[in-house]
Amino acid sequence: MRLFIPQISLVGLLKRLVCKHVIAFLLCLAVFNVFSQNHQIKKDSLQVEELYAKAIEIKDTDLVEAKKKFESAIEIIDRSLLSKDEFLLKKASILEQLAYFLRRENKFGPALKNLQESLKIKRKIGETYTLAYTYSQTAWLWLYQSEFEKTKVNLDSAYALSKKHNNIIETVRTLSRYGILYQNTKENAKAEQHHLRAIKLADSINETKSIAATNANYAFFLRRQKKYKENIPYLEKSVEMHRKANNQIGLESGYFALGVTYRVLGMPHKAIELYNKTLAMSKEQKNEAVLHSRYLGLSNSYADLKDYEKAYSYHLEYTKWWIKVKNEKNYQKMVDLEAKYKYEQQLAVDSLQFAQEKREVELVAQTESSKKKLYFALLLVTLLGAVVIGYLIRRNYQQRSKIARAMYENEKKILDQEIKGKEEDIKRLIADNSMRLAFKEELLDKLKTDIEGSDPQSIKQSLNSLTTQLRLQIETESKLSGLQEKIDAVNKNFDTNLQKQFSELTKGEREVCALLRLDLSIKEIMTIRNVSSDSVKSMRRRIRKKMNVPQDIELESFIQALT
């Protein structure tokens, strides 16, 4: 009997073995892919968390680097399809942070777009607790555009949500921004009420950033009311809180506000110190959007000090940066116009099915129109810059002429004073010579009178008397020869002190006081001033009365005791 082994069974067995291995391989591959994908998602999620945490940490000290990290985190979220609610909420938060940076760069259109996208994400995932912050930031953008009705609508939403969730920090922020809204709409009583409520609530929770912001906003309100001295304590408290939180951006703004205040209060040196500090900080933070205002503050402060050369150089820097900011704003407006045009064009295509040829013609026309507007805007900016520079050059020339004229007048005044002093010296010399001549004539007459017709004994007595008088005159003249230098040395600060302490004294009375301080006699003073003894005595009485010197105290001792 033969054993029959069918061939098909071997083939079937081989097929089964191959199928099993293929299936196993595919299963392993699928498991590996799932594992790899999960591993990559986990890696990406960790990287997003790390970038977000680092950006939040440095956003108040290094704005540029923080912005880069936020943008990198957004790229990872979009690339890795991290669609879970927690990552969508993270994306919404990052969009709000980027909107804050864009607002500081005066890019209000892109900032609003980010906030609208954040709002859309939060509504999608049902997030309401942080929605108050989104509405508050949106309100802030509309406030910058002076759209006060839209500002209030968003603030009302933010306030209602913050109260609903007992989010006190957002309540503080919203109250403070209500204050700024009302001060823009000239409702000052309501503005002050909301500012003070915000400050009180911020103090109650002792949250550093909230205290800094509310005090800064109320200080701004006081400056708008021209209450510059009253705003200083709030500004200083805001600066202290920013320093405590290491918020360099807030600190820079606080220093700038203090600089504005001190300049208005007439302290340009202190203002310049603060403006220089804010300028250095703005450059370090690469915050070019505010450089023009810092340069303008320095220019105005140096103009207050009449240092027109520095004022002019800083004004040129201000003009340069202001034109750049205006150009960026104009560019952003053009971008917004272009986006609006593209949207409206696409809408027309979808609804009306315009012909291709007509679309192309309209596109060319719009492009040419945009170019013309751009060229016209550039021409206006150039002309404006030329007018400003021409005005500054002319004003600088006028200021230099004014300074030169003032220097000429000052030198002329000094020269006139010197001539007047020389005339006084000449008059004094003439008076001195006249006195000497009168004394000699008097001596000659006395010699003739005493000698003629007198006996020898009388002549001897007369000669002795004349000898004594001559010796006294020689001593007096010797004493007076160096007297003027002593008077000048003593009178250097003494005259100034007399004017301060006894303003009623005349110039002549102050000069007599200086002579009495040298302990000169009435006769010596009479000789120096070329007046009679009665005049000197009368002047002493007037000095004693004006100085209120008691009768039991010598006038000379009282004057010598003065400091």
# chains A, B, ... in the order shown; residues from 1 in each chain; ligands from 1

call {"tool": "closest_atom_pairs", "arguments": {"of": "region 39-98 of chain A", "to": "region 284-300 of chain A", "cutoff": "8 Å", "atoms": "only C-alpha atoms", "output": "CSV"}}
result
residue,atom,partner,partner_atom,distance
A:Thr61,CA,A:Gln285,CA,7.3
A:Asp62,CA,A:Gln285,CA,5.9
A:Leu63,CA,A:Gln285,CA,6.2
A:Val64,CA,A:Lys286,CA,7.0

call {"tool": "residues_around", "arguments": {"residues": "region 174-182 of chain A", "least_positions_apart": "6", "cutoff": "9 Å", "atoms": "only C-alpha atoms", "output": "PDB file with C-alpha atoms, in the first residue's frame"}}
result
ATOM      1  CA  ALA A 132     -11.396  88.017  31.273  1.00  0.00           C
ATOM      2  CA  TYR A 133      -7.708  88.644  30.484  1.00  0.00           C
ATOM      3  CA  SER A 136      -9.120  93.189  28.957  1.00  0.00           C
ATOM      4  CA  ALA A 139     -10.071  96.619  25.350  1.00  0.00           C
ATOM      5  CA  TRP A 140      -6.562  98.017  25.820  1.00  0.00           C
ATOM      6  CA  LEU A 143      -8.276 102.278  23.816  1.00  0.00           C
ATOM      7  CA  PHE A 148     -13.967 104.171  23.489  1.00  0.00           C
ATOM      8  CA  THR A 151     -13.150  99.616  24.827  1.00  0.00           C
ATOM      9  CA  LYS A 152     -16.039  99.757  27.296  1.00  0.00           C
ATOM     10  CA  LEU A 155     -14.001  95.942  29.718  1.00  0.00           C
ATOM     11  CA  ASP A 156     -17.595  95.164  30.764  1.00  0.00           C
ATOM     12  CA  ALA A 158     -13.770  91.295  31.386  1.00  0.00           C
ATOM     13  CA  TYR A 159     -15.197  92.711  34.639  1.00  0.00           C
ATOM     14  CA  SER A 162     -13.538  88.277  36.690  1.00  0.00           C
ATOM     15  CA  ASN A 188     -12.579 112.622  35.783  1.00  0.00           C
ATOM     16  CA  ALA A 189     -14.619 111.892  38.926  1.00  0.00           C
ATOM     17  CA  LYS A 190     -15.450 108.365  37.726  1.00  0.00           C
ATOM     18  CA  ALA A 191     -11.851 107.889  36.552  1.00  0.00           C
ATOM     19  CA  GLU A 192     -10.388 108.753  39.965  1.00  0.00           C
ATOM     20  CA  GLN A 193     -12.969 106.586  41.732  1.00  0.00           C
ATOM     21  CA  HIS A 194     -12.016 103.499  39.666  1.00  0.00           C
ATOM     22  CA  HIS A 195      -8.266 104.155  40.037  1.00  0.00           C
ATOM     23  CA  LEU A 196      -8.532 104.384  43.843  1.00  0.00           C
ATOM     24  CA  ARG A 197     -10.696 101.236  44.005  1.00  0.00           C
ATOM     25  CA  ALA A 198      -8.079  99.381  41.940  1.00  0.00           C
ATOM     26  CA  ILE A 199      -5.231 100.552  44.214  1.00  0.00           C
ATOM     27  CA  ALA A 213       0.383  98.847  37.536  1.00  0.00           C
ATOM     28  CA  THR A 214      -2.430 100.499  39.517  1.00  0.00           C
ATOM     29  CA  ASN A 217      -1.996 104.315  36.039  1.00  0.00           C
ATOM     30  CA  TYR A 218      -3.254 106.601  38.825  1.00  0.00           C
ATOM     31  CA  PHE A 220      -0.710 109.091  34.891  1.00  0.00           C
ATOM     32  CA  PHE A 221      -4.219 110.338  35.734  1.00  0.00           C
TER      33      PHE A 221
END

call {"tool": "closest_atom_pairs", "arguments": {"of": "region 244-293 of chain A", "to": "region 223-235 of chain A", "cutoff": "12 Å", "atoms": "only C-alpha atoms", "output": "tab-separated table"}}
result
residue	atom	partner	partner_atom	distance
A:Gly250	CA	A:Leu235	CA	11.1
A:Leu251	CA	A:Leu235	CA	10.2
A:Glu252	CA	A:Leu235	CA	11.8
A:Ser253	CA	A:Leu235	CA	10.0
A:Gly254	CA	A:Leu235	CA	6.5
A:Tyr255	CA	A:Leu235	CA	8.5
A:Phe256	CA	A:Leu235	CA	10.2
A:Ala257	CA	A:Leu235	CA	7.5
A:Leu258	CA	A:Leu235	CA	6.9
A:Gly259	CA	A:Ile232	CA	10.5
A:Val260	CA	A:Tyr228	CA	9.2
A:Thr261	CA	A:Tyr228	CA	5.9
A:Tyr262	CA	A:Tyr228	CA	8.3
A:Arg263	CA	A:Tyr228	CA	10.1
A:Val264	CA	A:Tyr228	CA	7.7
A:Leu265	CA	A:Tyr228	CA	7.3
A:Gly266	CA	A:Tyr228	CA	11.1

call {"tool": "atom_distance", "arguments": {"atom1": "CA of Asn493 (chain A)", "atom2": "CA of His269 (chain A)"}}
result
29.2 Å

call {"tool": "atom_distance", "arguments": {"atom1": "CA of Gly126 (chain A)", "atom2": "CA of Lys91 (chain A)"}}
result
14.4 Å

call {"tool": "atom_distance", "arguments": {"atom1": "CA of Ile77 (chain A)", "atom2": "CA of Leu95 (chain A)"}}
result
11.9 Å

call {"tool": "closest_residue", "arguments": {"among": "A:Asn184, A:Asn215, A:Ser301, A:Thr128", "to": "His165 (chain A)", "atoms": "only C-alpha atoms"}}
result
A:Thr128

call {"tool": "residues_around", "arguments": {"residues": "region 544-549 of chain A", "least_positions_apart": "2", "cutoff": "9 Å", "atoms": "only C-alpha atoms", "output": "JSON list (two decimals) with N, CA and C atoms, in the first residue's frame"}}
result
[["chain", "number", "residue", "atom", "x", "y", "z"],
["A", 501, "GLN", "N", 21.37, 140.10, 56.46],
["A", 501, "GLN", "CA", 20.88, 140.23, 57.83],
["A", 501, "GLN", "C", 20.19, 141.58, 58.07],
["A", 502, "PHE", "N", 20.71, 142.65, 57.42],
["A", 502, "PHE", "CA", 20.17, 144.00, 57.64],
["A", 502, "PHE", "C", 19.94, 144.66, 56.29],
["A", 504, "GLU", "N", 17.99, 146.92, 55.41],
["A", 504, "GLU", "CA", 17.66, 148.35, 55.39],
["A", 504, "GLU", "C", 18.91, 149.22, 55.28],
["A", 505, "LEU", "N", 20.09, 148.68, 55.54],
["A", 505, "LEU", "CA", 21.33, 149.47, 55.48],
["A", 505, "LEU", "C", 21.62, 149.89, 54.04],
["A", 539, "MET", "N", 25.79, 158.98, 61.03],
["A", 539, "MET", "CA", 25.69, 157.68, 60.36],
["A", 539, "MET", "C", 25.79, 156.53, 61.35],
["A", 540, "ARG", "N", 26.63, 156.70, 62.39],
["A", 540, "ARG", "CA", 26.75, 155.66, 63.45],
["A", 540, "ARG", "C", 25.39, 155.48, 64.15],
["A", 541, "ARG", "N", 24.70, 156.62, 64.42],
["A", 541, "ARG", "CA", 23.40, 156.52, 65.11],
["A", 541, "ARG", "C", 22.38, 155.77, 64.24],
["A", 542, "ARG", "N", 22.39, 156.09, 62.93],
["A", 542, "ARG", "CA", 21.44, 155.41, 62.04],
["A", 542, "ARG", "C", 21.74, 153.90, 61.95],
["A", 551, "GLN", "N", 22.03, 150.22, 73.78],
["A", 551, "GLN", "CA", 22.94, 151.32, 74.10],
["A", 551, "GLN", "C", 24.11, 150.87, 74.96],
["A", 552, "ASP", "N", 23.94, 149.78, 75.72],
["A", 552, "ASP", "CA", 25.02, 149.34, 76.59],
["A", 552, "ASP", "C", 26.07, 148.48, 75.87],
["A", 553, "ILE", "N", 25.90, 148.30, 74.57],
["A", 553, "ILE", "CA", 26.88, 147.53, 73.79],
["A", 553, "ILE", "C", 27.53, 148.45, 72.77],
["A", 554, "GLU", "N", 28.86, 148.41, 72.71],
["A", 554, "GLU", "CA", 29.58, 149.22, 71.72],
["A", 554, "GLU", "C", 29.24, 148.75, 70.31],
["A", 555, "LEU", "N", 29.04, 149.74, 69.45],
["A", 555, "LEU", "CA", 28.68, 149.43, 68.06],
["A", 555, "LEU", "C", 29.79, 148.65, 67.39],
["A", 558, "PHE", "N", 29.73, 144.98, 68.48],
["A", 558, "PHE", "CA", 28.60, 144.28, 67.88],
["A", 558, "PHE", "C", 28.90, 143.89, 66.43]]

call {"tool": "closest_residue", "arguments": {"among": "A:Ser313, A:Asn167, A:Gln499, A:Ser157", "to": "Leu392 (chain A)", "atoms": "only C-alpha atoms"}}
result
A:Ser313

call {"tool": "select_by_dssp", "arguments": {"residues": "region 103-293 of chain A", "states": "alpha helix (DSSP H)", "output": "NGL selection string"}}
result
:A and (103-104 or 108-125 or 131-144 or 148-164 or 168-184 or 188-205 or 208-224 or 228-244 or 248-264 or 268-284 or 291-293)

call {"tool": "write_last_selection", "arguments": {"atoms": "C-alpha atoms", "output": "compact mmCIF listing (two decimals), in the first residue's frame"}}
result
# COMPACT_ATOMS: atom_id res chain seq x y z
CA ARG A 103 1.21 96.32 20.99
CA ARG A 104 4.42 97.68 22.49
CA PHE A 108 -2.04 97.04 16.69
CA GLY A 109 -3.53 95.13 13.73
CA PRO A 110 -1.49 91.91 14.23
CA ALA A 111 -1.97 92.21 18.00
CA LEU A 112 -5.76 92.30 17.60
CA LYS A 113 -5.60 89.32 15.22
CA ASN A 114 -3.73 87.27 17.86
CA LEU A 115 -6.28 88.17 20.54
CA GLN A 116 -9.18 87.23 18.29
CA GLU A 117 -7.59 83.84 17.57
CA SER A 118 -7.02 83.32 21.31
CA LEU A 119 -10.67 84.18 21.98
CA LYS A 120 -11.78 81.67 19.32
CA ILE A 121 -9.65 78.87 20.87
CA LYS A 122 -10.97 79.51 24.39
CA ARG A 123 -14.56 79.46 23.21
CA LYS A 124 -13.89 76.20 21.35
CA ILE A 125 -12.55 74.40 24.43
CA LEU A 131 -11.29 84.82 29.19
CA ALA A 132 -11.40 88.02 31.27
CA TYR A 133 -7.71 88.64 30.48
CA THR A 134 -8.38 88.29 26.73
CA TYR A 135 -11.21 90.80 26.84
CA SER A 136 -9.12 93.19 28.96
CA GLN A 137 -6.21 93.07 26.49
CA THR A 138 -8.60 93.60 23.56
CA ALA A 139 -10.07 96.62 25.35
CA TRP A 140 -6.56 98.02 25.82
CA LEU A 141 -5.95 97.82 22.06
CA TRP A 142 -9.19 99.63 21.25
CA LEU A 143 -8.28 102.28 23.82
CA TYR A 144 -5.03 102.95 21.91
CA PHE A 148 -13.97 104.17 23.49
CA GLU A 149 -17.29 102.38 22.93
CA LYS A 150 -15.52 99.15 21.88
CA THR A 151 -13.15 99.62 24.83
CA LYS A 152 -16.04 99.76 27.30
CA VAL A 153 -17.82 96.73 25.77
CA ASN A 154 -14.70 94.59 26.21
CA LEU A 155 -14.00 95.94 29.72
CA ASP A 156 -17.60 95.16 30.76
CA SER A 157 -17.11 91.56 29.59
CA ALA A 158 -13.77 91.30 31.39
CA TYR A 159 -15.20 92.71 34.64
CA ALA A 160 -18.26 90.40 34.60
CA LEU A 161 -16.10 87.29 34.03
CA SER A 162 -13.54 88.28 36.69
CA LYS A 163 -16.30 88.76 39.27
CA LYS A 164 -18.00 85.50 38.26
CA ILE A 168 -9.24 89.33 41.82
CA ILE A 169 -6.13 90.09 39.77
CA GLU A 170 -8.26 90.56 36.64
CA THR A 171 -10.77 92.63 38.62
CA VAL A 172 -7.92 94.93 39.69
CA ARG A 173 -6.63 95.19 36.11
CA THR A 174 -10.11 95.95 34.73
CA LEU A 175 -10.89 98.62 37.36
CA SER A 176 -7.60 100.37 36.61
CA ARG A 177 -8.31 100.34 32.88
CA TYR A 178 -11.82 101.67 33.49
CA GLY A 179 -10.04 104.61 35.15
CA ILE A 180 -7.93 105.23 32.04
CA LEU A 181 -11.02 104.94 29.80
CA TYR A 182 -12.97 107.50 31.85
CA GLN A 183 -10.08 109.96 31.96
CA ASN A 184 -9.99 109.79 28.13
CA ASN A 188 -12.58 112.62 35.78
CA ALA A 189 -14.62 111.89 38.93
CA LYS A 190 -15.45 108.36 37.73
CA ALA A 191 -11.85 107.89 36.55
CA GLU A 192 -10.39 108.75 39.97
CA GLN A 193 -12.97 106.59 41.73
CA HIS A 194 -12.02 103.50 39.67
CA HIS A 195 -8.27 104.15 40.04
CA LEU A 196 -8.53 104.38 43.84
CA ARG A 197 -10.70 101.24 44.01
CA ALA A 198 -8.08 99.38 41.94
CA ILE A 199 -5.23 100.55 44.21
CA LYS A 200 -7.13 99.56 47.37
CA LEU A 201 -7.96 96.10 45.98
CA ALA A 202 -4.37 95.54 44.79
CA ASP A 203 -3.04 96.44 48.25
CA SER A 204 -5.50 94.02 49.86
CA ILE A 205 -4.09 91.03 47.94
CA THR A 208 3.43 93.14 43.43
CA LYS A 209 2.66 93.58 39.71
CA SER A 210 -0.92 94.71 40.39
CA ILE A 211 0.29 97.30 42.91
CA ALA A 212 2.88 98.57 40.43
CA ALA A 213 0.38 98.85 37.54
CA THR A 214 -2.43 100.50 39.52
CA ASN A 215 -0.13 103.11 41.06
CA ALA A 216 1.44 103.88 37.66
CA ASN A 217 -2.00 104.32 36.04
CA TYR A 218 -3.25 106.60 38.83
CA ALA A 219 -0.04 108.64 38.62
CA PHE A 220 -0.71 109.09 34.89
CA PHE A 221 -4.22 110.34 35.73
CA LEU A 222 -2.77 112.89 38.19
CA ARG A 223 -0.28 114.13 35.58
CA ARG A 224 -3.14 114.62 33.13
CA TYR A 228 2.66 116.73 39.21
CA LYS A 229 3.78 116.86 42.85
CA GLU A 230 0.87 114.65 43.95
CA ASN A 231 1.77 111.97 41.37
CA ILE A 232 5.37 111.48 42.60
CA PRO A 233 4.58 109.18 45.61
CA TYR A 234 2.50 106.86 43.39
CA LEU A 235 5.20 106.78 40.72
CA GLU A 236 7.89 106.02 43.29
CA LYS A 237 5.77 103.20 44.73
CA SER A 238 5.23 101.79 41.23
CA VAL A 239 8.99 101.92 40.53
CA GLU A 240 9.69 100.20 43.87
CA MET A 241 7.27 97.37 43.02
CA HIS A 242 8.69 96.96 39.49
CA ARG A 243 12.18 96.78 40.96
CA LYS A 244 11.01 94.20 43.49
CA GLN A 248 12.70 95.98 33.65
CA ILE A 249 10.08 97.09 31.12
CA GLY A 250 7.82 98.53 33.82
CA LEU A 251 10.85 100.04 35.56
CA GLU A 252 11.90 101.83 32.37
CA SER A 253 8.40 103.29 31.95
CA GLY A 254 8.38 104.40 35.58
CA TYR A 255 11.72 106.20 35.26
CA PHE A 256 10.47 107.95 32.11
CA ALA A 257 7.31 109.15 33.87
CA LEU A 258 9.43 110.49 36.76
CA GLY A 259 11.64 112.28 34.23
CA VAL A 260 8.57 113.95 32.69
CA THR A 261 7.41 115.00 36.16
CA TYR A 262 10.73 116.49 37.32
CA ARG A 263 11.15 118.42 34.06
CA VAL A 264 7.71 120.03 34.46
CA PRO A 268 15.95 119.53 34.41
CA HIS A 269 19.15 118.00 35.85
CA LYS A 270 17.18 115.29 37.65
CA ALA A 271 15.02 114.78 34.55
CA ILE A 272 18.12 114.32 32.36
CA GLU A 273 19.50 111.70 34.75
CA LEU A 274 16.24 109.71 34.53
CA TYR A 275 15.88 110.14 30.75
CA ASN A 276 19.43 108.82 30.21
CA LYS A 277 18.59 105.82 32.37
CA THR A 278 15.43 105.05 30.39
CA LEU A 279 17.26 105.53 27.08
CA ALA A 280 19.93 102.98 28.05
CA MET A 281 17.28 100.52 29.25
CA SER A 282 15.19 100.92 26.06
CA LYS A 283 18.23 100.23 23.90
CA GLU A 284 19.15 97.20 26.01
CA LEU A 291 13.17 105.72 21.68
CA HIS A 292 11.78 108.86 20.03
CA SER A 293 9.95 109.96 23.21

call {"tool": "residues_around", "arguments": {"residues": "Glu309 (chain A)", "least_positions_apart": "3", "cutoff": "10 Å", "atoms": "only C-alpha atoms", "output": "list in words"}}
result
Ser299, Tyr302, Ala303, Lys306, Tyr312, Ser313, Tyr314, His315, Asn396, Gln399 and Arg400 of chain A
